[in-house]
Each structure stands twice: as structure tokens, then as C-alpha cells.
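J.: Here it is, the structure, as C-alpha cells.
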Amino acid sequence: MAGNKLYVVCILALLSVILAGCGNNAPAGDASKGPVLVKYPEKKDMILLTDRPPQLETPLKIFRQDFTPNEYFFVRWHLSQILTKIDIDTFRLRIGGAVDNPLALSINDLKTKFAPDSVVALAICAGNSRSTFSPKVPGSQWLNGAMGNAVWKGVKIKDILAMAGVKKGALEVTFQGMDRGALPDVPAFIKSLGIDRATDGEVMVAYEMNGQPIPMLNGYPLKLVVPGWYATYWVGSLASINVLTDTFKGFWMKKAYQVPATGPDEKPDSLAKATVPITSINLHSIFVEPDTSETVTANKPCLVEGLAFNDGSGIKKVELSLDGGNTWVETNLNPDLGKYSWRRWKYDWTPKTAGEYHLKVRATDEKGHTQTDKQWNRSGYARGFIEQLDVKVN
Amino acid sequence: MNRKNTFILLAICLSVALISGCNSKSVDVYKQPPNTFSINGSVHEMNLYPDAPPAFPEHEGKAEFMSYCGICHSLKYISSQPDFPAKTWDAEVTKMIIKYHAPIDSLNAKKIVDYLVAIKGKK
């Protein structure tokens with residue numbers, strides 16, 4: 001009954017929105033005019049992908065900063081009813097399932113009854129850069145801005161589950177937020193981790209992001225942080241943790257966010273038969289500057305800069321090509337900010353002559369794997385193919 | 001008619017209302033009416049943060065497309081997509097029905113696919 005009540009409330013909210021007046025009928029597919037920038041609560045100018053639920057992309061210029069400010073951090077919800085206000089004094093994070101002592105923890109409990117933990121980690125949407133896949137695939141048409149680097153502070157899941165006492169035979173742990181679908185049958189957003197991953201001492205419940213409370217649109221008051229794994233696991237407005245003695249079979253683990261079992265690469269005319277849930281962040285590197293608004297002039301220095309990242313196994317080198325991939329030079333890596341952070345690379349370039357240049361960037365990880373030119377999958381996940389930046393030198 | 005069907009009917013009616021007569025200024029996302037409910041014993045509010053709905057071309061199937069697809073998500077989900085072949089649009093609509101349990105019967109599903117192909121089809 002409580003559930004039905006909620007949906008009625010949501011529909012009434014929809015109705016009030018309609019009555020409040022609904023928009024200026026902008027033409028469909030007006031991408032030619034450039035991205036639409038919007039200001040949402042606690043956010044500055046963000047690129048609007050969708051409004052219900054909100055999907056907001058970080059403008060590329062913001063990536064010139066090592067830590068993505070909270071007001072520019074990308075937003076991605078799956079279900080249309082999201083939290084906008086909460087009574088923090090009565091809120092409790094519930095821990096249940098196969099545990100000896102089910103817990104109901106307040107934010108204050110999390111801050112005072114456990115040792116605080118913090119980590120610098122990149123949150124990146126599995127579908128980041130989807131719009132660059134060819135042939136194009138359906139889904140949110142992100143450029144490179146569905147990611148952000150932040151300092152996350154909170155409590156290790158390991159410590160919380162130790163207090164609850166995990167029962168013998170525990171296999172998985174599920175995490176659910178407070179967002180809800182528009183219809184009762186829309187699958188609830190629940191993600192699961194194997195018990196070993198959940199209790200590895202790295203996965204945490206964050207109550208702070210860059211030294212501030214997490215913005216409502218990024219999952220206030222609590223967000224799961226799974227360093228090195230795609231942000232689909234970073235459940236926002238986290239309210240329930242459940243320990244299971246069997247495998248979780250929910251929609252968001254078994255049907256959504258699937259990649260070929262052999263890796264995030266397949267052919268459009270022969271799709272992989274076996275798929276698995278996406279997990280760790282694929283090796284990738286992007287350009288941050290110069291951007292299209294900048295003029296590059298021959299015989300004048302131009303800083304070429306970008307970011308490289310993977311699942312935390314380390315970036316060994318980042319190479320830049322100024323001639324479309326024929327020759328490569330090694331770039332300078334900025335100091336490492338932490339194994340799960342992105343890594344900034346820089347190169348001082350002075351083009352000798354005017355003309356069109358095709359720049360490419362490729363990263364190599366500590367195991368010696370280097371990015372390649374071609375990759376595709378039906379969902380546009382885990383982009384790792386080499387990025388090209390076309391620069392006109394005057 | 002059971003409670004669920006009543007609810008779905010209500011949702012469809014409201015979506016139809018949503019697409020008709022929307023010509024005023026864009027919605028201020030800061031001033032949406034709150035709706036209060038309770039999860040885990042705490043009091044929460046949820047809003048929808050809607051923006052201006054995009055305008056879509058007139059073509060057969062538009063009413064079905066707008067009323068059904070708009071129940072669960074903003075129609076910007078469609079206006080922001082590139083053009084796709086008919087089989088991709090068919091797979092998308094099928095996904096919404098099979099995986100997300102969208103209450104769309106096969107007749108309306110076909111109308112919606114045809115509309116999507118008409119406005120965002122790729123030869």
C-alpha cells in the first residue's frame with residue numbers, strides 16, 4: 001500500500017508540473033545549436049541530456065581541474081522519481097539480510113562509530129563517450145563529461161558489515177537507493193557486489209565528496225563508492241544494504257549493464273552471445289585542451305593536455321601523435337593523485353606550419369596494454385579506443 | 001479494473017495532458033511542488049525536475065509515442081538520440097516492454113516504432 005501511495009503522489013506531482021505550465025516547445029533534435037546548458041539545484045552550468053530523470057554532463061573545460069567541483073559533477077539517474085529533500089535526523093541506513101545484528105545507522109553513527117576512510121577516485125559512467133561509437137548506439141549520448149574525479153570520505157563496507165556480523169555462506173551484498181520508477185513494475189535500482197569485493201576494504205559508503213556533503217543530485221546523503229569500477233555501482237541516495245546467501249538476480253545486474261564476456265568489444269553483425277555485468281574501468285585517455293574555442297597559431301607554444309585512467313592498475317605512459325597516428329611521442333605525466341584517480345598528461349607543442357593536424361592520444365597501463373584504434377559494443381560501454389582531436393593551426 | 005490498471009490509465013491520461021497545451025515559459029526547477037513520503041521511517045521529498053518538452057514532428061503514431069513513452073521518462077530521451085535503422089527502434093521499444101515492463105500492447109508498440117522510424121529513421 002505504501003508503494004501505491006508513493007506512485008499516486010508522484011503522478012500528482014506530474015500533474016502539478018503540467019498545470020504549472022510546461023515549456024517553450026523547443027524543436028526536437030536541436031543539437032545543431034550546441035549543447036543546452038542548465039542550472040539545477042546545487043549545480044552550475046551543466047550540459048542537459050535529459051530532464052526526467054536528470055542526466056547532466058560536465059563541460060570539458062572543468063576537466064582542467066584535478067578534482068571535479070561538486071557543482072559541476074555529472075549527474076545520472078535511471079528512475080524518474082529522485083530525492084530532493086530529506087530529514088537527515090531521522091534517516092537511517094539499514095543493513096540486513098544474512099547478518100547477526102541488523103543495523104539502522106544514522107549519519108551521525110557513521111561519522112562517530114567507525115574509523116573514517118577516504119579515497120581519491122574517478123567516478124565514470126559506463127556509457128561515458130557513447131556518442132563517439134560508430135556505428136552509433138542507442139542510449140544517453142554522452143561526450144566525455146559523464147565522469148569526475150573527487151575525494152570521497154566515508155566508512156568502509158567491511159567495517160559496517162563487521163559490526164553487523166556476516167553470517168556463514170554469504171555470497172553477495174546488494175545496495176539500493178531511494179529513487180523510484182514512474183510505474184510500480186519498473187525494476188528497482190539495486191546493484192550487487194560479491195562479498196569479497198564488498199568487504200575488500202576499498203568499497204565504502206561516502207558521506208562527503210571533496211570535503212562537502214554530497215549534492216542531492218549526486219546521491220545525498222550517502223553514496224556507494226566502488227573504486228576502479230564503473231559508476232553504475234556507485235548507488236546514490238543509498239538506503240539499504242542486504243547480505244545474500246545466493247546470487248542476486250535483479251534486472252540491473254542480469255539484464256542491464258551487460259558487456260560481452262570476452263570484453264567490451266564485439267561486431268555489429270555478430271553480437272556476442274555470452275554477456276556479463278560490466279565491472280572495472282577500461283583503459284582510456286582523452287584530450288582536455290586545446291578545445292575548439294581556442295586558436296592555435298604556428299610557431300607559438302600550445303599546451304596539449306588531457307587525462308588517462310583505468311581500473312587502478314596504474315598508467316605507465318601516455319603517448320601523443322601529431323600526425324594521425326604515424327609517429328608517437330611520450331607526454332609528461334603529472335604526479336599520481338592516487339591509484340583510482342585519473343592521471344593528467346601534458347605536452348608542449350609548437351606547430352611549425354599552419355594547416356590541419358590530426359592529434360591522437362593513447363595510454364599504456366602498468367601491465368603493458370596499450371589502447372587500440374577500434375572497439376565497439378551494442379551498448380556503447382567502456383570506451384577504450386584511441387581518441388582523435390582535429391586541430392586547425394593558423 | 002484493478003488498482004494497477006487504474007494507475008496505468010491515470011498515468012497515460014496525464015501524459016496526454018502533458019503533451020497538449022504546453023506553450024508557456026520553461027519550468028523553474030527550483031520551485032517544483034514537493035511531494036512528501038517516507039522510506040526507512042524518514043521523511044523525504046521527491047521532485048521531477050522537468051524541463052521544456054521538445055516539439056516533435058506531426059506524423060501518424062505521435063499521440064501514442066508521446067503518451068506512452070513519456071510516462072517513465074522525458075521525451076528528451078528520444079530527441080537527443082541520433083537516427084537509427086528500423087530494427088534498432090524496434091529493439092528499443094521491445095526493450096521497454098520486456099525489460100522495463102512498459103504497459104504497451106503490440107498494436108500501439110507498432111505505431112510507436114513506425115513513428116520513431118518516421119522521425120528518426122536511418123536508411
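So you can find residues: chains in the C-alpha cells are A, B, ... in the order shown, residues in each start at 1, and ligands are numbered from 1 in order.
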Among segment 50-115 of chain A, which ones does DSSP assign to alpha helix (DSSP H) (computed from the backbone)? Answer as a ChimeraX atom specification.
T.: /A:107-112
J.: For segment 84-100 of chain B, work out the shell of residues within 12 Å, counting only C-alpha atoms and skipping chain neighbours fewer than 2 positions away, then give it as a ChimeraX atom specification.
T.: /A:78-79,134-139,181-189,250-252,254-256,268,378-379 /B:65,68-73,77-78,81-82,102-106,108-123
J.: Excluding Thr58 of chain A and residues on its chain fewer than 2 positions from it, collect all residues at most 8 Å away from it, counting only C-alpha atoms, and give them as number ranges by chain.
T.: A: 46-47, 56, 60, 62, 72-74, 145-147
J.: Include C-alpha atoms and write out the residues we just selected as a short mmCIF file (atom, residue, chain, number, x, y, z; two decimals), in the first residue's frame.
T.:
```
data_model
loop_
_atom_site.label_atom_id
_atom_site.label_comp_id
_atom_site.auth_asym_id
_atom_site.auth_seq_id
_atom_site.Cartn_x
_atom_site.Cartn_y
_atom_site.Cartn_z
CA MET A 46 25.79 21.71 -16.97
CA ILE A 47 25.04 20.14 -20.34
CA LEU A 56 23.68 16.28 -16.72
CA LEU A 60 35.02 19.66 -20.84
CA ILE A 62 36.07 21.73 -15.98
CA TYR A 72 30.00 20.55 -11.87
CA PHE A 73 29.99 16.82 -11.12
CA PHE A 74 27.98 14.82 -13.67
CA GLY A 145 31.74 14.52 -19.50
CA ALA A 146 29.99 11.67 -17.69
CA MET A 147 32.89 11.37 -15.28
#
```
J.: Could you give me, as a PDB file with N, CA and C atoms, in the first residue's frame, the residues within 10 Å of segment 120-122 of chain A, counting only C-alpha atoms and dropping anything in the same chain fewer than 2 positions from it?
T.:
```pdb
ATOM      1  N   PHE A  67      40.444  17.980  -9.435  1.00  0.00           N
ATOM      2  CA  PHE A  67      39.266  17.474  -8.735  1.00  0.00           C
ATOM      3  C   PHE A  67      38.038  18.181  -9.297  1.00  0.00           C
ATOM      4  N   THR A  68      37.051  17.419  -9.667  1.00  0.00           N
ATOM      5  CA  THR A  68      35.859  17.982 -10.291  1.00  0.00           C
ATOM      6  C   THR A  68      34.986  18.600  -9.209  1.00  0.00           C
ATOM      7  N   SER A 118      39.128   7.584   3.472  1.00  0.00           N
ATOM      8  CA  SER A 118      38.940   8.446   2.306  1.00  0.00           C
ATOM      9  C   SER A 118      39.790   7.964   1.151  1.00  0.00           C
ATOM     10  N   ILE A 124      33.078   7.229 -13.173  1.00  0.00           N
ATOM     11  CA  ILE A 124      32.851   7.354 -14.614  1.00  0.00           C
ATOM     12  C   ILE A 124      31.704   6.440 -15.030  1.00  0.00           C
ATOM     13  N   CYS A 125      30.757   7.039 -15.722  1.00  0.00           N
ATOM     14  CA  CYS A 125      29.599   6.296 -16.221  1.00  0.00           C
ATOM     15  C   CYS A 125      30.068   5.254 -17.236  1.00  0.00           C
ATOM     16  N   MET A 147      31.913  11.859 -16.265  1.00  0.00           N
ATOM     17  CA  MET A 147      32.895  11.374 -15.283  1.00  0.00           C
ATOM     18  C   MET A 147      33.367  12.538 -14.431  1.00  0.00           C
ATOM     19  N   GLY A 148      34.008  12.198 -13.313  1.00  0.00           N
ATOM     20  CA  GLY A 148      34.551  13.222 -12.443  1.00  0.00           C
ATOM     21  C   GLY A 148      35.462  12.586 -11.409  1.00  0.00           C
ATOM     22  N   ASN A 149      36.456  13.374 -10.970  1.00  0.00           N
ATOM     23  CA  ASN A 149      37.439  12.894 -10.006  1.00  0.00           C
ATOM     24  C   ASN A 149      37.171  13.606  -8.681  1.00  0.00           C
ATOM     25  N   ALA A 150      37.115  12.871  -7.582  1.00  0.00           N
ATOM     26  CA  ALA A 150      36.797  13.513  -6.298  1.00  0.00           C
ATOM     27  C   ALA A 150      37.462  12.781  -5.145  1.00  0.00           C
ATOM     28  N   VAL A 151      37.548  13.475  -4.014  1.00  0.00           N
ATOM     29  CA  VAL A 151      37.956  12.840  -2.761  1.00  0.00           C
ATOM     30  C   VAL A 151      36.677  12.385  -2.066  1.00  0.00           C
ATOM     31  N   TRP A 152      36.585  11.101  -1.808  1.00  0.00           N
ATOM     32  CA  TRP A 152      35.394  10.547  -1.165  1.00  0.00           C
ATOM     33  C   TRP A 152      35.747  10.178   0.258  1.00  0.00           C
ATOM     34  N   LYS A 153      34.913  10.589   1.201  1.00  0.00           N
ATOM     35  CA  LYS A 153      35.158  10.255   2.602  1.00  0.00           C
ATOM     36  C   LYS A 153      33.935   9.545   3.164  1.00  0.00           C
ATOM     37  N   MET A 209      32.037  14.427  -0.226  1.00  0.00           N
ATOM     38  CA  MET A 209      32.620  14.457  -1.561  1.00  0.00           C
ATOM     39  C   MET A 209      33.384  15.772  -1.668  1.00  0.00           C
ATOM     40  N   ASN A 210      34.680  15.705  -1.877  1.00  0.00           N
ATOM     41  CA  ASN A 210      35.519  16.913  -1.912  1.00  0.00           C
ATOM     42  C   ASN A 210      35.333  17.779  -0.659  1.00  0.00           C
ATOM     43  N   VAL A 225      30.754   3.982  -2.998  1.00  0.00           N
ATOM     44  CA  VAL A 225      31.955   4.247  -3.798  1.00  0.00           C
ATOM     45  C   VAL A 225      32.666   2.919  -4.033  1.00  0.00           C
ATOM     46  N   VAL A 226      32.817   2.569  -5.304  1.00  0.00           N
ATOM     47  CA  VAL A 226      33.456   1.308  -5.684  1.00  0.00           C
ATOM     48  C   VAL A 226      34.661   1.661  -6.564  1.00  0.00           C
ATOM     49  N   PRO A 227      35.792   1.976  -5.930  1.00  0.00           N
ATOM     50  CA  PRO A 227      36.942   2.484  -6.687  1.00  0.00           C
ATOM     51  C   PRO A 227      37.375   1.514  -7.793  1.00  0.00           C
ATOM     52  N   GLY A 228      37.607   2.060  -8.976  1.00  0.00           N
ATOM     53  CA  GLY A 228      38.088   1.241 -10.090  1.00  0.00           C
ATOM     54  C   GLY A 228      36.988   0.615 -10.924  1.00  0.00           C
ATOM     55  N   TRP A 229      35.755   0.660 -10.431  1.00  0.00           N
ATOM     56  CA  TRP A 229      34.627   0.107 -11.186  1.00  0.00           C
ATOM     57  C   TRP A 229      33.728   1.231 -11.685  1.00  0.00           C
ATOM     58  N   TYR A 230      33.022   0.952 -12.776  1.00  0.00           N
ATOM     59  CA  TYR A 230      32.155   1.963 -13.361  1.00  0.00           C
ATOM     60  C   TYR A 230      31.083   2.428 -12.378  1.00  0.00           C
ATOM     61  N   ALA A 231      30.631   3.662 -12.611  1.00  0.00           N
ATOM     62  CA  ALA A 231      29.754   4.343 -11.649  1.00  0.00           C
ATOM     63  C   ALA A 231      28.360   3.739 -11.568  1.00  0.00           C
ATOM     64  N   ILE A 281      36.928  -0.306 -14.825  1.00  0.00           N
ATOM     65  CA  ILE A 281      37.086   0.784 -15.794  1.00  0.00           C
ATOM     66  C   ILE A 281      38.137   0.422 -16.839  1.00  0.00           C
ATOM     67  N   PHE A 309      43.201   7.125 -17.621  1.00  0.00           N
ATOM     68  CA  PHE A 309      42.670   6.419 -16.448  1.00  0.00           C
ATOM     69  C   PHE A 309      42.406   4.958 -16.780  1.00  0.00           C
ATOM     70  N   ASN A 310      42.299   4.166 -15.730  1.00  0.00           N
ATOM     71  CA  ASN A 310      41.850   2.776 -15.864  1.00  0.00           C
ATOM     72  C   ASN A 310      41.327   2.311 -14.514  1.00  0.00           C
ATOM     73  N   ASP A 311      41.412   1.022 -14.254  1.00  0.00           N
ATOM     74  CA  ASP A 311      40.771   0.443 -13.071  1.00  0.00           C
ATOM     75  C   ASP A 311      41.596   0.569 -11.793  1.00  0.00           C
ATOM     76  N   GLY A 312      42.683   1.301 -11.839  1.00  0.00           N
ATOM     77  CA  GLY A 312      43.517   1.442 -10.652  1.00  0.00           C
ATOM     78  C   GLY A 312      44.819   0.676 -10.763  1.00  0.00           C
ATOM     79  N   LEU A 337      47.809  11.116  -8.202  1.00  0.00           N
ATOM     80  CA  LEU A 337      46.972  11.601  -7.089  1.00  0.00           C
ATOM     81  C   LEU A 337      46.358  10.452  -6.298  1.00  0.00           C
ATOM     82  N   GLY A 338      46.693   9.229  -6.687  1.00  0.00           N
ATOM     83  CA  GLY A 338      46.103   8.055  -6.039  1.00  0.00           C
ATOM     84  C   GLY A 338      45.791   7.036  -7.118  1.00  0.00           C
ATOM     85  N   LYS A 339      45.828   5.759  -6.757  1.00  0.00           N
ATOM     86  CA  LYS A 339      45.707   4.741  -7.804  1.00  0.00           C
ATOM     87  C   LYS A 339      44.372   4.757  -8.514  1.00  0.00           C
ATOM     88  N   TYR A 340      43.321   5.242  -7.858  1.00  0.00           N
ATOM     89  CA  TYR A 340      41.998   5.257  -8.502  1.00  0.00           C
ATOM     90  C   TYR A 340      41.636   6.623  -9.083  1.00  0.00           C
ATOM     91  N   SER A 341      42.592   7.549  -9.021  1.00  0.00           N
ATOM     92  CA  SER A 341      42.387   8.868  -9.615  1.00  0.00           C
ATOM     93  C   SER A 341      42.661   8.790 -11.109  1.00  0.00           C
ATOM     94  N   TRP A 342      42.176   9.775 -11.874  1.00  0.00           N
ATOM     95  CA  TRP A 342      42.693   9.916 -13.228  1.00  0.00           C
ATOM     96  C   TRP A 342      44.082  10.504 -13.155  1.00  0.00           C
ATOM     97  N   ARG A 343      44.844  10.393 -14.258  1.00  0.00           N
ATOM     98  CA  ARG A 343      46.218  10.891 -14.301  1.00  0.00           C
ATOM     99  C   ARG A 343      46.314  11.918 -15.419  1.00  0.00           C
TER     100      ARG A 343
END
```
J.: Atom CA of Phe91 of chain A and atom CA of Leu217 of chain A, how far apart in Å?
T.: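 It comes out at 17.3 Å.
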J.: When you draw a straight line from atom CA of Glu208 of chain A to atom CA of Gly154 of chain A, how long is it in Å?
T.: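 Result for atom CA of Glu208 of chain A versus atom CA of Gly154 of chain A: 6.5 Å, one decimal.
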J.: I'd like the interatomic distance between atom CA of Asn282 of chain A and atom CA of Asp365 of chain A, to a tenth of an Å.
T.: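 Separation of atom CA of Asn282 of chain A and atom CA of Asp365 of chain A: 10.3 Å.
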J.: Could you pull out the strand (DSSP E) residues of segment 20-216 of chain A, going by DSSP on the backbone, and write them as JSON, numbers by chain?
T.: {"A": [37, 38, 46, 47, 48, 49, 50, 51, 54, 55, 56, 57, 75, 76, 82, 83, 84, 85, 86, 93, 94, 95, 96, 97, 103, 104, 105, 117, 118, 119, 120, 121, 122, 123, 124, 147, 148, 149, 150, 151, 152, 153, 154, 155, 156, 172, 173, 174, 175, 176, 177, 190, 191, 192, 193, 194, 204, 205, 206, 207, 208, 209, 212, 213]}
J.: So which residues touch segment 95-107 of chain A within 12 Å, counting only C-alpha atoms, skipping near sequence neighbours fewer than 5 positions away, as a ChimeraX atom specification?
T.: /A:87-90,112-114,154-155,157,160-176,195,205-208,213,220-223,238-246 /B:40-42
